[in-house]
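Asker: Hey, dropping protein_36.cif in here, mmCIF, N, CA and C atoms and all ligand atoms:
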data_upload
loop_
_atom_site.group_PDB
_atom_site.id
_atom_site.type_symbol
_atom_site.label_atom_id
_atom_site.label_comp_id
_atom_site.auth_asym_id
_atom_site.auth_seq_id
_atom_site.Cartn_x
_atom_site.Cartn_y
_atom_site.Cartn_z
ATOM 1 N N MET A 34 -6.920 23.652 -6.224
ATOM 2 C CA MET A 34 -7.673 23.113 -5.086
ATOM 3 C C MET A 34 -7.745 21.601 -5.182
ATOM 4 N N CYS A 35 -7.537 20.997 -4.080
ATOM 5 C CA CYS A 35 -7.464 19.539 -4.059
ATOM 6 C C CYS A 35 -8.698 18.957 -3.383
ATOM 7 N N ILE A 36 -9.832 19.200 -3.997
ATOM 8 C CA ILE A 36 -11.034 18.666 -3.370
ATOM 9 C C ILE A 36 -11.067 17.155 -3.459
ATOM 10 N N TYR A 37 -10.255 16.615 -4.331
ATOM 11 C CA TYR A 37 -10.275 15.165 -4.496
ATOM 12 C C TYR A 37 -9.624 14.459 -3.327
ATOM 13 N N TRP A 38 -8.779 15.158 -2.651
ATOM 14 C CA TRP A 38 -8.086 14.514 -1.535
ATOM 15 C C TRP A 38 -9.050 13.967 -0.505
ATOM 16 N N SER A 39 -10.016 14.789 -0.119
ATOM 17 C CA SER A 39 -10.933 14.338 0.914
ATOM 18 C C SER A 39 -11.891 13.285 0.374
ATOM 19 N N ALA A 40 -12.204 13.418 -0.907
ATOM 20 C CA ALA A 40 -13.137 12.468 -1.488
ATOM 21 C C ALA A 40 -12.436 11.157 -1.833
ATOM 22 N N MET A 41 -11.150 11.256 -1.980
ATOM 23 C CA MET A 41 -10.407 10.084 -2.429
ATOM 24 C C MET A 41 -10.097 9.167 -1.263
ATOM 25 N N ASN A 42 -11.054 8.389 -0.931
ATOM 26 C CA ASN A 42 -10.872 7.499 0.204
ATOM 27 C C ASN A 42 -10.734 6.055 -0.246
ATOM 28 N N THR A 43 -10.373 5.884 -1.475
ATOM 29 C CA THR A 43 -10.096 4.534 -1.928
ATOM 30 C C THR A 43 -8.835 4.046 -1.245
ATOM 31 N N ASN A 44 -8.819 2.810 -0.943
ATOM 32 C CA ASN A 44 -7.689 2.269 -0.221
ATOM 33 C C ASN A 44 -6.679 1.643 -1.161
ATOM 34 N N THR A 45 -5.586 2.349 -1.312
ATOM 35 C CA THR A 45 -4.456 1.733 -1.993
ATOM 36 C C THR A 45 -3.309 1.658 -1.013
ATOM 37 N N CYS A 46 -2.439 0.759 -1.290
ATOM 38 C CA CYS A 46 -1.306 0.529 -0.407
ATOM 39 C C CYS A 46 -0.499 1.813 -0.226
ATOM 40 N N ASP A 47 -0.045 2.055 0.990
ATOM 41 C CA ASP A 47 0.721 3.261 1.274
ATOM 42 C C ASP A 47 2.205 3.092 0.978
ATOM 43 N N CYS A 48 2.577 1.974 0.492
ATOM 44 C CA CYS A 48 3.933 1.819 -0.020
ATOM 45 C C CYS A 48 4.095 2.748 -1.226
ATOM 46 N N PRO A 49 5.152 3.555 -1.250
ATOM 47 C CA PRO A 49 5.282 4.567 -2.294
ATOM 48 C C PRO A 49 5.320 3.995 -3.700
ATOM 49 N N ASN A 50 5.736 2.794 -3.831
ATOM 50 C CA ASN A 50 5.870 2.213 -5.172
ATOM 51 C C ASN A 50 4.759 1.236 -5.496
ATOM 52 N N CYS A 51 3.800 1.179 -4.655
ATOM 53 C CA CYS A 51 2.785 0.141 -4.773
ATOM 54 C C CYS A 51 1.414 0.771 -4.952
ATOM 55 N N ASP A 52 0.697 0.302 -5.934
ATOM 56 C CA ASP A 52 -0.656 0.798 -6.193
ATOM 57 C C ASP A 52 -1.697 -0.277 -5.964
ATOM 58 N N CYS A 53 -1.321 -1.313 -5.303
ATOM 59 C CA CYS A 53 -2.267 -2.385 -5.061
ATOM 60 C C CYS A 53 -3.390 -1.884 -4.163
ATOM 61 N N SER A 54 -4.561 -2.391 -4.376
ATOM 62 C CA SER A 54 -5.669 -2.000 -3.520
ATOM 63 C C SER A 54 -5.584 -2.759 -2.202
ATOM 64 N N VAL A 55 -6.027 -2.078 -1.189
ATOM 65 C CA VAL A 55 -5.968 -2.643 0.153
ATOM 66 C C VAL A 55 -7.386 -2.947 0.601
ATOM 67 N N GLU A 56 -7.605 -4.154 0.988
ATOM 68 C CA GLU A 56 -8.950 -4.541 1.373
ATOM 69 C C GLU A 56 -9.074 -4.591 2.882
ATOM 70 N N ALA A 57 -10.286 -4.708 3.320
ATOM 71 C CA ALA A 57 -10.525 -4.799 4.757
ATOM 72 C C ALA A 57 -9.709 -5.956 5.325
ATOM 73 N N GLY A 58 -9.098 -5.703 6.453
ATOM 74 C CA GLY A 58 -8.277 -6.726 7.052
ATOM 75 C C GLY A 58 -6.829 -6.646 6.622
ATOM 76 N N ALA A 59 -6.503 -5.588 5.867
ATOM 77 C CA ALA A 59 -5.118 -5.421 5.453
ATOM 78 C C ALA A 59 -4.258 -5.016 6.639
ATOM 79 N N ILE A 60 -2.984 -4.975 6.414
ATOM 80 C CA ILE A 60 -2.058 -4.613 7.481
ATOM 81 C C ILE A 60 -2.118 -3.121 7.752
ATOM 82 N N GLN A 61 -2.353 -2.763 8.994
ATOM 83 C CA GLN A 61 -2.390 -1.362 9.387
ATOM 84 C C GLN A 61 -1.148 -1.050 10.194
ATOM 85 N N ARG A 62 -0.551 0.076 9.877
ATOM 86 C CA ARG A 62 0.613 0.491 10.663
ATOM 87 C C ARG A 62 0.707 2.013 10.646
ATOM 88 N N ASP A 63 0.804 2.613 11.806
ATOM 89 C CA ASP A 63 0.933 4.071 11.927
ATOM 90 C C ASP A 63 -0.146 4.806 11.155
ATOM 91 N N GLY A 64 -1.340 4.269 11.148
ATOM 92 C CA GLY A 64 -2.448 4.930 10.472
ATOM 93 C C GLY A 64 -2.439 4.743 8.977
ATOM 94 N N LYS A 65 -1.501 3.984 8.477
ATOM 95 C CA LYS A 65 -1.469 3.691 7.057
ATOM 96 C C LYS A 65 -1.876 2.251 6.854
ATOM 97 N N SER A 66 -2.288 1.969 5.640
ATOM 98 C CA SER A 66 -2.662 0.593 5.359
ATOM 99 C C SER A 66 -1.835 0.074 4.192
ATOM 100 N N PHE A 67 -1.472 -1.164 4.315
ATOM 101 C CA PHE A 67 -0.587 -1.769 3.327
ATOM 102 C C PHE A 67 -1.187 -3.067 2.824
ATOM 103 N N CYS A 68 -0.833 -3.395 1.604
ATOM 104 C CA CYS A 68 -1.411 -4.583 0.983
ATOM 105 C C CYS A 68 -0.717 -5.852 1.450
ATOM 106 N N SER A 69 0.448 -5.699 2.022
ATOM 107 C CA SER A 69 1.204 -6.883 2.408
ATOM 108 C C SER A 69 2.167 -6.549 3.529
ATOM 109 N N GLN A 70 2.627 -7.567 4.187
ATOM 110 C CA GLN A 70 3.585 -7.367 5.268
ATOM 111 C C GLN A 70 4.871 -6.749 4.735
ATOM 112 N N ALA A 71 5.267 -7.137 3.555
ATOM 113 C CA ALA A 71 6.499 -6.602 2.976
ATOM 114 C C ALA A 71 6.406 -5.094 2.806
ATOM 115 N N CYS A 72 5.264 -4.624 2.327
ATOM 116 C CA CYS A 72 5.079 -3.186 2.163
ATOM 117 C C CYS A 72 5.067 -2.497 3.524
ATOM 118 N N ALA A 73 4.399 -3.082 4.478
ATOM 119 C CA ALA A 73 4.312 -2.480 5.803
ATOM 120 C C ALA A 73 5.693 -2.352 6.427
ATOM 121 N N ASN A 74 6.540 -3.280 6.120
ATOM 122 C CA ASN A 74 7.892 -3.254 6.684
ATOM 123 C C ASN A 74 8.846 -2.409 5.858
ATOM 124 N N GLY A 75 8.394 -1.902 4.741
ATOM 125 C CA GLY A 75 9.255 -1.082 3.905
ATOM 126 C C GLY A 75 10.231 -1.896 3.078
ATOM 127 N N HIS A 76 9.877 -3.125 2.818
ATOM 128 C CA HIS A 76 10.692 -4.001 1.964
ATOM 129 C C HIS A 76 12.136 -4.118 2.456
ATOM 130 N N PRO A 77 12.314 -4.568 3.651
ATOM 131 C CA PRO A 77 13.663 -4.655 4.216
ATOM 132 C C PRO A 77 14.563 -5.606 3.431
ATOM 133 N N ASP A 78 13.985 -6.597 2.816
ATOM 134 C CA ASP A 78 14.813 -7.541 2.067
ATOM 135 C C ASP A 78 14.643 -7.384 0.567
ATOM 136 N N GLY A 79 14.006 -6.282 0.164
ATOM 137 C CA GLY A 79 13.904 -6.002 -1.264
ATOM 138 C C GLY A 79 12.864 -6.823 -1.984
ATOM 139 N N LYS A 80 12.054 -7.547 -1.252
ATOM 140 C CA LYS A 80 11.004 -8.324 -1.893
ATOM 141 C C LYS A 80 9.766 -7.465 -2.105
ATOM 142 N N GLY A 81 9.103 -7.695 -3.195
ATOM 143 C CA GLY A 81 7.871 -6.972 -3.456
ATOM 144 C C GLY A 81 6.723 -7.559 -2.668
ATOM 145 N N CYS A 82 5.558 -6.985 -2.907
ATOM 146 C CA CYS A 82 4.384 -7.445 -2.175
ATOM 147 C C CYS A 82 3.916 -8.793 -2.691
ATOM 148 N N GLY A 83 4.351 -9.130 -3.889
ATOM 149 C CA GLY A 83 4.006 -10.427 -4.429
ATOM 150 C C GLY A 83 2.741 -10.421 -5.260
ATOM 151 N N HIS A 84 2.111 -9.268 -5.368
ATOM 152 C CA HIS A 84 0.910 -9.197 -6.194
ATOM 153 C C HIS A 84 1.296 -9.121 -7.658
ATOM 154 N N HIS A 85 0.476 -9.742 -8.442
ATOM 155 C CA HIS A 85 0.778 -9.857 -9.859
ATOM 156 C C HIS A 85 0.888 -8.482 -10.514
ATOM 157 N N GLY A 86 1.965 -8.251 -11.216
ATOM 158 C CA GLY A 86 2.142 -7.021 -11.953
ATOM 159 C C GLY A 86 2.660 -5.867 -11.132
ATOM 160 N N CYS A 87 2.949 -6.102 -9.885
ATOM 161 C CA CYS A 87 3.430 -5.027 -9.023
ATOM 162 C C CYS A 87 4.948 -5.128 -8.866
ATOM 163 N N ASP A 88 5.594 -3.992 -9.011
ATOM 164 C CA ASP A 88 7.050 -3.972 -8.995
ATOM 165 C C ASP A 88 7.635 -3.314 -7.756
ATOM 166 N N CYS A 89 6.820 -3.112 -6.769
ATOM 167 C CA CYS A 89 7.350 -2.439 -5.585
ATOM 168 C C CYS A 89 8.355 -3.346 -4.884
ATOM 169 N N GLY A 90 9.143 -2.762 -4.069
ATOM 170 C CA GLY A 90 10.095 -3.570 -3.325
ATOM 171 C C GLY A 90 11.452 -3.639 -3.953
HETATM 172 ZN ZN ZN A 101 2.121 -4.070 -4.610
HETATM 173 ZN ZN ZN A 102 1.772 -2.800 -1.272
HETATM 174 ZN ZN ZN A 103 5.347 -2.292 -1.552
#
Rewrite the structure of this file - the entire thing - as structure tokens.

Answerer:
Amino acid sequence: MCIYWSAMNTNTCDCPNCDCSVEAGAIQRDGKSFCSQACANGHPDGKGCGHHGCDCG
């Protein structure tokens, strides 16, 4: 049972490779929230979100 799913409303970036937290005012797209424009765009140019220690992109 995944009771944590409903309780887990912490905002982390919806980029599959990114665990950065998403704060109010983050980029929203298709009901998902992303920590950066690069993540929201799916890293079209292979650049990461630019957050320290994050390897997404
Ligand atoms: Zn990131
Ligand atoms: Zn991200
Ligand atoms: Zn990303």

Asker: Find, counting only C-alpha atoms and all ligand atoms, the residue in A:Cys46, A:Gly90, A:Arg62, A:Asn74 that gets nearest to ligand ZN 102 (chain A).

Answerer: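 Residue with the minimum atom-to-atom distance to ligand ZN 102 (chain A): A:Cys46.
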
Asker: Closest to ligand ZN 102 (chain A) among A:Asp78, A:Cys68, A:Cys89, A:Ile60, using all atoms listed in the file?

Answerer: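 Of all the options, A:Cys68 lies closest to ligand ZN 102 (chain A).
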
Asker: For this file, the PyMOL selection byres (((not hetatm)) within 7 of (chain A and resi 101)) selects which residues, as an MDAnalysis selection string?

Answerer: chainID A and resid 50:54 68 81:84 86:89

Asker: For atom CA of A:Asp63 and atom CA of A:Lys80, determine how far apart the two atoms are, in Å to one decimal place.

Answerer: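 Separation of atom CA of A:Asp63 and atom CA of A:Lys80: 21.1 Å.
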
Asker: What is the atom CA of A:Phe67 to atom C of A:Pro49 distance in Å?

Answerer: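 Here the two named atoms are 10.8 Å from each other.
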
Asker: Given only N, CA and C atoms and all ligand atoms as the basis, pick out the residue of A:Cys72, A:Gly58, A:Pro77, A:His85 nearest to ligand ZN 102 (chain A).

Answerer: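 Residue with the minimum atom-to-atom distance to ligand ZN 102 (chain A): A:Cys72.
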
Asker: Name the residues of chain A that fall into strand (DSSP E or B) according to DSSP on the backbone, using the chain letters and numbers of this document, as a ChimeraX atom specification.

Answerer: /A:45,54,60-62,65-67

Asker: Looking only at the backbone, which of the residues in chain A does DSSP tag as alpha helix (DSSP H), as a short mmCIF file (atom, residue, chain, number, x, y, z; two decimals) with N, CA and C atoms, in the coordinates of the input?

Answerer:
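Result saved to result-v5.cif:
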data_model
loop_
_atom_site.label_atom_id
_atom_site.label_comp_id
_atom_site.auth_asym_id
_atom_site.auth_seq_id
_atom_site.Cartn_x
_atom_site.Cartn_y
_atom_site.Cartn_z
N ILE A 36 -9.83 19.20 -4.00
CA ILE A 36 -11.03 18.67 -3.37
C ILE A 36 -11.07 17.16 -3.46
N TYR A 37 -10.26 16.61 -4.33
CA TYR A 37 -10.28 15.16 -4.50
C TYR A 37 -9.62 14.46 -3.33
N TRP A 38 -8.78 15.16 -2.65
CA TRP A 38 -8.09 14.51 -1.54
C TRP A 38 -9.05 13.97 -0.50
N SER A 39 -10.02 14.79 -0.12
CA SER A 39 -10.93 14.34 0.91
C SER A 39 -11.89 13.28 0.37
N ALA A 40 -12.20 13.42 -0.91
CA ALA A 40 -13.14 12.47 -1.49
C ALA A 40 -12.44 11.16 -1.83
N GLN A 70 2.63 -7.57 4.19
CA GLN A 70 3.58 -7.37 5.27
C GLN A 70 4.87 -6.75 4.74
N ALA A 71 5.27 -7.14 3.56
CA ALA A 71 6.50 -6.60 2.98
C ALA A 71 6.41 -5.09 2.81
N CYS A 72 5.26 -4.62 2.33
CA CYS A 72 5.08 -3.19 2.16
C CYS A 72 5.07 -2.50 3.52
N ALA A 73 4.40 -3.08 4.48
CA ALA A 73 4.31 -2.48 5.80
C ALA A 73 5.69 -2.35 6.43
#

Asker: Can you tell me how far atom C of A:Asp47 sits from atom C of A:Gly79, in Å to one decimal?

Answerer: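 Distance between the two atoms: 14.9 Å.
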
Asker: Please write out, as AutoDock Vina command-line options, where the centre of an axis-aligned box around all listed atoms of stretch 50-64 of chain A lies and how long its edges are, in Å to one decimal, after adding 5 Å on each side.

Answerer:
--center_x -2.3 --center_y -0.9 --center_z 2.9 --size_x 26.4 --size_y 21.7 --size_z 28.1

Asker: Out of A:Val55, A:Ser69, A:Gly64, A:Asn44, which residue has the shortest atom-to-atom distance to ligand ZN 103 (chain A) when counting all atoms listed in the file?

Answerer: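 Going through A:Val55, A:Ser69, A:Gly64, A:Asn44 one by one, the smallest distance to ligand ZN 103 (chain A) is for A:Ser69.
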
Asker: Can you work out which one of A:Ala59, A:Cys48, A:Gln70, A:Lys65 has the shortest atom-to-atom distance to ligand ZN 103 (chain A), counting all atoms listed in the file?

Answerer: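 With all atoms listed in the file as the atom set, the closest residue is A:Cys48.
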